[in-house]
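Student: The following file, structure-v4.cif, comprises mmCIF, C-alpha atoms and all ligand atoms:
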data_work
loop_
_atom_site.label_atom_id
_atom_site.label_comp_id
_atom_site.auth_asym_id
_atom_site.auth_seq_id
_atom_site.Cartn_x
_atom_site.Cartn_y
_atom_site.Cartn_z
CA MET Y 30 -10.53 -11.23 -9.18
CA SER Y 31 -10.39 -15.01 -9.21
CA GLY Y 32 -6.96 -16.40 -9.97
CA ALA Y 33 -5.41 -13.29 -8.47
CA LYS Y 34 -2.61 -13.47 -5.94
CA PRO Y 35 -0.54 -10.92 -4.09
CA LEU Y 36 2.73 -9.81 -5.67
CA HIS Y 37 4.19 -9.76 -2.13
CA PRO Y 38 2.28 -12.04 0.30
CA GLY Y 39 1.48 -10.80 3.77
CA LEU Y 40 1.00 -7.08 3.11
CA PHE Y 41 -2.82 -7.13 3.08
CA THR Y 42 -5.65 -9.53 3.85
CA TRP Y 43 -6.34 -11.50 0.69
CA PRO Y 44 -8.60 -12.72 -0.72
CA ASN Y 45 -10.98 -10.41 1.04
CA ALA Y 46 -13.94 -8.31 -0.12
CA ASN Y 47 -12.73 -5.47 2.10
CA PRO Y 48 -8.93 -5.86 2.29
CA SER Y 49 -6.94 -4.40 5.16
CA LEU Y 50 -3.22 -3.73 5.40
CA ILE Y 51 -1.41 -6.20 7.65
CA GLY Y 52 1.23 -4.82 9.96
CA SER Y 53 2.33 -5.61 13.45
CA ARG Y 54 1.80 -4.12 16.87
CA CYS Y 55 4.16 -4.24 19.80
CA LEU Y 56 2.38 -5.71 22.82
CA ASP Y 57 4.83 -4.00 25.18
CA CYS Y 58 4.71 -0.38 23.98
CA GLY Y 59 1.94 -0.28 21.37
CA GLU Y 60 4.15 0.77 18.43
CA HIS Y 61 2.83 -0.27 15.01
CA ALA Y 62 4.91 -1.29 12.00
CA PHE Y 63 4.28 -1.97 8.33
CA PRO Y 64 5.11 -4.44 6.92
CA SER Y 65 4.83 -6.74 9.93
CA GLN Y 66 8.02 -6.86 12.02
CA GLY Y 67 9.20 -9.50 14.48
CA SER Y 68 10.82 -6.93 16.74
CA CYS Y 69 9.82 -3.44 17.78
CA ARG Y 70 11.75 -0.46 16.42
CA ALA Y 71 10.65 1.66 19.38
CA CYS Y 72 11.52 -0.54 22.36
CA SER Y 73 13.50 -3.37 20.66
CA GLY Y 74 11.12 -5.91 22.23
CA GLN Y 75 10.27 -9.15 20.47
CA ASN Y 76 6.70 -9.22 21.72
CA THR Y 77 4.90 -8.26 18.51
CA GLN Y 78 1.88 -9.72 16.80
CA ASN Y 79 0.25 -9.18 13.42
CA ALA Y 80 -2.42 -6.50 13.37
CA GLU Y 81 -4.88 -5.38 10.72
CA LEU Y 82 -4.16 -1.71 10.11
CA GLY Y 83 -7.37 -0.97 8.22
CA ASN Y 84 -8.01 0.42 4.75
CA THR Y 85 -8.33 4.15 5.28
CA GLY Y 86 -6.03 7.03 6.08
CA THR Y 87 -5.18 10.60 5.22
CA LEU Y 88 -2.65 11.82 2.71
CA TRP Y 89 0.41 13.02 4.63
CA THR Y 90 2.50 14.05 1.65
CA TRP Y 91 2.80 13.10 -2.00
CA THR Y 92 4.64 13.56 -5.28
CA ILE Y 93 4.18 12.50 -8.88
CA GLN Y 94 6.45 9.78 -10.24
CA SER Y 95 6.90 10.90 -13.82
CA PHE Y 96 9.60 8.50 -14.99
CA MET Y 97 10.04 4.72 -14.90
CA PRO Y 98 11.50 3.52 -11.60
CA LYS Y 99 14.69 1.48 -11.69
CA THR Y 100 14.42 -2.30 -11.71
CA PRO Y 101 13.16 -4.36 -10.03
CA TYR Y 102 10.10 -2.85 -11.54
CA HIS Y 103 6.96 -4.86 -10.89
CA THR Y 104 4.63 -4.07 -13.77
CA ASP Y 105 4.91 -4.94 -17.43
CA GLU Y 106 4.96 -1.29 -18.46
CA THR Y 107 7.61 -0.14 -20.91
CA PRO Y 108 8.99 3.35 -21.45
CA GLU Y 109 6.42 3.65 -24.25
CA THR Y 110 3.41 2.63 -22.14
CA PHE Y 111 4.52 4.16 -18.84
CA ARG Y 112 2.11 6.67 -17.33
CA PRO Y 113 2.98 8.91 -14.38
CA TYR Y 114 1.48 7.95 -11.04
CA GLY Y 115 1.24 9.44 -7.61
CA VAL Y 116 3.38 8.30 -4.70
CA GLY Y 117 2.67 9.34 -1.18
CA TYR Y 118 2.68 8.65 2.49
CA VAL Y 119 -0.72 7.79 3.88
CA GLU Y 120 -1.16 8.26 7.61
CA LEU Y 121 -3.21 5.40 9.05
CA PRO Y 122 -5.56 5.74 12.03
CA CYS Y 123 -2.88 4.11 14.25
CA GLY Y 124 -0.49 6.97 13.35
CA LEU Y 125 1.76 4.95 11.07
CA LYS Y 126 2.74 6.50 7.74
CA VAL Y 127 2.79 4.00 4.88
CA GLU Y 128 4.47 4.71 1.55
CA SER Y 129 2.13 3.81 -1.27
CA ARG Y 130 1.46 4.19 -4.92
CA LEU Y 131 -1.56 6.46 -5.48
CA ARG Y 132 -4.22 6.12 -8.16
CA GLU Y 133 -4.30 9.89 -8.71
CA ASN Y 134 -1.55 11.10 -11.02
CA THR Y 135 -2.04 14.84 -11.36
CA PRO Y 136 -1.24 17.51 -8.77
CA ASP Y 137 -4.75 18.98 -8.93
CA ALA Y 138 -6.20 15.66 -7.72
CA LEU Y 139 -4.03 15.47 -4.59
CA ARG Y 140 -4.18 17.55 -1.43
CA ILE Y 141 -2.36 17.01 1.85
CA GLY Y 142 -4.80 15.80 4.48
CA MET Y 143 -7.35 14.38 2.05
CA PRO Y 144 -9.05 11.12 3.05
CA MET Y 145 -7.65 8.07 1.28
CA ALA Y 146 -8.85 4.51 0.84
CA LEU Y 147 -6.99 1.28 0.15
CA GLU Y 148 -7.61 -0.48 -3.14
CA ILE Y 149 -6.16 -3.59 -4.69
CA ILE Y 150 -4.87 -3.32 -8.24
CA SER Y 151 -3.58 -5.81 -10.77
CA VAL Y 152 0.02 -5.09 -11.79
CA ARG Y 153 0.72 -7.88 -14.28
CA LYS Y 154 0.16 -11.58 -14.92
CA ASP Y 155 2.44 -14.34 -13.75
CA GLU Y 156 3.63 -17.34 -15.79
CA GLN Y 157 0.33 -19.17 -15.10
CA GLY Y 158 -1.72 -16.23 -16.35
CA ASP Y 159 -2.92 -15.29 -12.88
CA ASP Y 160 -3.17 -11.64 -11.97
CA LEU Y 161 -0.57 -10.44 -9.51
CA VAL Y 162 -2.10 -7.79 -7.29
CA THR Y 163 -0.78 -5.16 -4.94
CA PHE Y 164 -2.21 -2.31 -2.94
CA GLN Y 165 -2.41 1.39 -3.59
CA PHE Y 166 -4.41 4.22 -2.14
CA CYS Y 167 -6.89 6.48 -3.91
CA ALA Y 168 -9.05 9.41 -2.92
CA ALA Y 169 -11.67 8.03 -0.54
CA GLU Y 170 -14.55 9.42 -2.59
CA GLU Y 171 -13.21 7.49 -5.60
CA ALA Y 172 -13.03 4.16 -3.78
CA HIS Y 173 -15.34 1.40 -4.94
ZN ZN Q 1 7.67 -1.82 21.51
#
I need this file expressed as C-alpha cells, please.
Tutor:
Amino acid sequence: MSGAKPLHPGLFTWPNANPSLIGSRCLDCGEHAFPSQGSCRACSGQNTQNAELGNTGTLWTWTIQSFMPKTPYHTDETPETFRPYGVGYVELPCGLKVESRLRENTPDALRIGMPMALEIISVRKDEQGDDLVTFQFCAAEEAH
C-alpha cells in the first residue's frame, strides 16, 4: 500500500510489514491503555510511555453492525452500498480489551474466545487520492 496513510495517526505502527497496535503502559503500576494515554487511569500517575501492544488477541465479545453508523462516518459507503460488519472487543495479550471493527460479518463466523489477528484496511481515499487506512481484526486463520 504505497501512498497509504492512517486515518487516525498513532494507533498502529505504520508503515510496517507487520503492524502492531500502539498504546501506552504505566511505568508505575503496569496498566496498559489504548489509544496511548499521558496519564494512567488506574493510579493517576503521569509516568506512561508508548508501548507496542502486538497484533493478536482473542475475541472477548462481538455483535453485527447491520445499519450505517451516525456521522462522523469514515468510509465512503452510502446506504445503498453499506454492508453489515462485525464489531467486537478483542482481548490483547496484555489483558486490555480493544473495541474494533471485525472483518467477519455473519454470526456463524464469530465465536467468543476465537483467536484474532490485526489487519490494516483501506477505508477511503483522501483529496490527494491516497488510501486512508485503519485497523480491524479478523479471524487469525484468515490473516494474511
Ligand atoms: Zn499506573
Student: Would you mind telling me which residue in Y:Gly52, Y:Gly39, Y:Gly32, Y:Gly74 lies nearest to ligand ZN 1 (chain Q) when using all atoms listed in the file?
Tutor: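 Checking each of Y:Gly52, Y:Gly39, Y:Gly32, Y:Gly74 against ligand ZN 1 (chain Q), counting all atoms listed in the file, the winner is Y:Gly74.
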Student: Step by step, measure atom-to-atom distances between ligand ZN 1 (chain Q) and each residue using all atoms listed in the file, keep those at most 6 Å, then write them as a list in words.
Tutor: Cys55, Asp57, Cys58, Gly59, Glu60, Cys69, Ala71, Cys72 and Gly74 of chain Y
Student: Rank nothing, just name the residue among Y:Gln165, Y:Thr42, Y:Ser68, Y:Thr85 nearest to Y:Gly115, using only C-alpha atoms.
Tutor: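 For Y:Gly115, the nearest of the candidates is Y:Gln165.
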Student: So how many Å separate atom CA of Y:Thr104 and atom CA of Y:Leu125, to one decimal?
Tutor: 26.6 Å
Student: Calculate how many Å separate atom CA of Y:Gly124 from atom CA of Y:His61, rounding to one decimal.
Tutor: 8.1 Å
Student: Using only C-alpha atoms, pick whichever of Y:Gln157, Y:Gln75, Y:Asn47, Y:Ser151 has the shortest atom-to-atom distance to Y:Asp105.
Tutor: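 Among the listed residues, the smallest separation from Y:Asp105 belongs to Y:Ser151.
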Student: Nearest residue to Y:Leu88 out of Y:Tyr118, Y:Trp43, Y:Phe111, Y:Phe63, using all atoms listed in the file?
Tutor: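 Using all atoms listed in the file, the shortest distance to Y:Leu88 belongs to Y:Tyr118.
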Student: Find the residue from Y:Lys34, Y:Arg54, Y:Lys126, Y:Lys99 that sits nearest to Y:Gln66; use only C-alpha atoms when measuring.
Tutor: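 Going through Y:Lys34, Y:Arg54, Y:Lys126, Y:Lys99 one by one, the smallest distance to Y:Gln66 is for Y:Arg54.
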Student: Have a look at Y:Thr87, Y:Ser49, Y:Ser129, Y:Gln78 and name the one nearest to Y:Ala169; count all atoms listed in the file.
Tutor: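 Closest candidate: Y:Thr87.
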Student: Using atom CA of Y:Thr92 and atom CA of Y:Pro136 as the two end points, give the distance in Å to one decimal.
Tutor: 7.9 Å
Student: May I have the protein, DNA and RNA residues with an atom at most 10 Å from (1.2, -6.6, 6.4), counting only C-alpha atoms in the file's coordinates, returned as a compact mmCIF listing (two decimals) with C-alpha atoms, keeping the file's coordinate frame?
Tutor:
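Wrote it out as selection_9.txt, contents follow:
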# COMPACT_ATOMS: atom_id res chain seq x y z
CA HIS Y 37 4.19 -9.76 -2.13
CA PRO Y 38 2.28 -12.04 0.30
CA GLY Y 39 1.48 -10.80 3.77
CA LEU Y 40 1.00 -7.08 3.11
CA PHE Y 41 -2.82 -7.13 3.08
CA THR Y 42 -5.65 -9.53 3.85
CA SER Y 49 -6.94 -4.40 5.16
CA LEU Y 50 -3.22 -3.73 5.40
CA ILE Y 51 -1.41 -6.20 7.65
CA GLY Y 52 1.23 -4.82 9.96
CA SER Y 53 2.33 -5.61 13.45
CA ALA Y 62 4.91 -1.29 12.00
CA PHE Y 63 4.28 -1.97 8.33
CA PRO Y 64 5.11 -4.44 6.92
CA SER Y 65 4.83 -6.74 9.93
CA GLN Y 66 8.02 -6.86 12.02
CA ASN Y 79 0.25 -9.18 13.42
CA ALA Y 80 -2.42 -6.50 13.37
CA GLU Y 81 -4.88 -5.38 10.72
CA LEU Y 82 -4.16 -1.71 10.11
